[in-house]
Every structure is written in structure tokens, then in C-alpha cells.
Amino acid sequence: MNKQKRHEIFARLRDDNPNPKTELNYSNPFELLVAVTLSAQSTDVGVNKATDKLFPVANTPEAIVELGVDGLKSYIKALGLYNAKAENVYKACQILVEKHNSEVPDTREALEALPGVGRKTANVVLNTAFRQPTMAVDTHIFRVSNRTKIAPGKNVLEVEKKLLKFVPKEFLLDAHHWLILLGRYICTARKPRCGACLIEDLCEFKEKTS
């Protein structure tokens with residue numbers, strides 16, 4: 001795919017949705033960090049149901065440490081892997097209190113040192129909370145990048161590096177959100193809704209649906 005085509009793809013996505021947002025509910029970097037950590041193998045809708053009850057009770061590292069692992073589990077037990085998630089969030093909160101003055105750090109190294117925080121979660125927090133030009137490649141972005149040929153790659157890290165290289169700089173801060181929404185609602189896994197897609201004529205997927 002050439003540079004002009006990529007530019008036009010992201011220009012259309014921007015014109016359609018100039019201020020894309022994550023679908024996770026949060027009001028500060030700490031709430032976002034917790035929500036993204038809880039979102040592994042869970043839907044944003046499911047995470048929001050849990051955090052809508054959790055955050056009014058505990059939305060600081062100190063409050064979650066005080067709540068304890070079992071207390072936290074009671075709020076997130078509807079989510080997959082909730083036992084491991086509760087342990088990770090609790091331990092991460094302890095580290096935030098002890099090492100970071102209860103503030104969410106704004107570097108990849110410090111974020112990835114927190115239990116339950118991998119590269120993708122760190123990228124989401126860096127991009128969404130701190131507006132750094134990172135690319136959090138989830139299953140939706142991986143699929144869209146390969147299917148459209150915007151940034152094909154054999155694995156998540158390869159796609160991430162290609163997106164950072166190929167997405168025009170003017171679109172980089174919001175590209176992550178546009179691609180997730182495209183993959184979640186239009187360029188779906190089993191049967192993409194090509195006829196409803198803004199970029200159908202630019203996409204290089206050969207088996208388009210009508």
C-alpha cells in the first residue's frame with residue numbers, strides 16, 4: 001500500500017470521527033490503567049459494568065489497597081480471569097503507592113514493571129492518558145492492519161512497528177482508536193461489512209463482501 005492511499009484512509013477516518021475515544025469508562029489515568037488491565041479477554045461493556053460500581057468506592061491506589069484482593073474480587077467477579085486480575089491490580093496499586101507517590105507513571109518501562117501490565121496495556125495508557133504517539137495492537141488492529149494491507153505483519157510487535165512507521169504523523173495520536181473501532185464494528189472477524197466501510201475502495205482486501 002502506498003503513502004497516498006494510507007493518508008486518504010486516515011483522513012476519511014478522522015473526518016468521520018474527529019475526536020475518537022476509548023469505550024472504557026474512566027476519569028483519570030489511574031482509572032484507565034485499572035480498566036485496561038481488567039479488559040484482557042473481557043469486553044469493554046463488561047469492564048464498564050464492573051468499574052461503574054468499583055470506582056465510586058475505590059478509584060485511587062490507596063483505596064484499592066485498603067479494599068484488599070478479596071474486596072476487589074467482589075466487584076470484578078463477572079469478568080474472565082478475575083482472580084488473577086484482582087491479584088495483579090492489587091499488587092500494582094501497592095507499587096504505585098510505594099514507588100510512584102500513587103501516580104500512574106508516564107513511561108513504558110515503569111508501566112510494564114507493574115503486575116498485569118504488558119506492552120499493549122502500557123501503550124493504551126501512554127496514548128490515551130498521556131497522549132504519546134504509541135500504537136496498542138489488539139486483535140482488532142492486528143486484523144485490520146493485515147486485511148487492509150495498511151501495515152501487514154506476522155505478529156503484534158511487527159504490526160505495531162509498521163503502523164508507527166507508516167501512519168502519517170498527523171494521524172498517529174488517534175490512529176489506534178480509529179482502527180479499533182473499524183475492527184470492532186465494520187471490519188469484523190468472520191464477515192467484514194465491506195459495503196458499510198468508509199475505506200472500502202482504498203482497502204486492499206481481495207475477498208470483499210457485498
# chains A, B, ... in the order shown; residues from 1 in each chain; ligands from 1

$ closest_atom_pairs --of "region 101-185 of chain A" --to "region 44-65 of chain A" --cutoff "12 Å" --atoms "only C-alpha atoms" --output "Markdown table"
| residue | atom | partner | partner_atom | distance |
| --- | --- | --- | --- | --- |
| A:Asn101 | CA | A:Pro61 | CA | 9.6 |
| A:Ser102 | CA | A:Pro61 | CA | 6.0 |
| A:Glu103 | CA | A:Pro61 | CA | 8.3 |
| A:Val104 | CA | A:Pro61 | CA | 9.4 |
| A:Ile180 | CA | A:Asp44 | CA | 12.0 |
| A:Arg184 | CA | A:Asp44 | CA | 11.1 |

$ select_by_dssp --residues "chain A" --states "alpha helix (DSSP H)" --output "NGL selection string"
:A and (3-16 or 29-38 or 44-54 or 61-76 or 82-99 or 108-112 or 119-128 or 139-148 or 156-166 or 172-185)

$ closest_residue --among "A:Leu72, A:Ala11, A:Ala122, A:Ile95" --to "Thr37 (chain A)" --atoms "only C-alpha atoms"
A:Ala122

$ residues_around --residues "Lys149 (chain A)" --least-positions-apart "4" --cutoff "12 Å" --atoms "only C-alpha atoms" --output "list in words"
Met1, Asn2, Lys3, Lys5, Arg6, Ile9, Ile141, Phe142, Arg143, Val144, Ser145, Gly153, Val159, Lys162, Leu163, Phe166, Leu202, Cys203, Glu204, Phe205 and Lys206 of chain A

$ closest_residue --among "A:Ala189, A:Leu32, A:Leu38, A:Ala78" --to "Gly116 (chain A)" --atoms "only C-alpha atoms"
A:Leu38

$ closest_residue --among "A:Asp174, A:Glu98, A:Glu200, A:Asp70" --to "Asn17 (chain A)" --atoms "only C-alpha atoms"
A:Asp174

$ atom_distance --atom1 "CA of Val124 (chain A)" --atom2 "CA of Ala136 (chain A)"
5.6 Å

$ closest_residue --among "A:Ala151, A:Lys99, A:Leu172, A:Leu114" --to "Met135 (chain A)" --atoms "only C-alpha atoms"
A:Leu172

$ closest_residue --among "A:Arg147, A:His177, A:Arg108, A:Arg119" --to "Glu160 (chain A)" --atoms "only C-alpha atoms"
A:Arg119
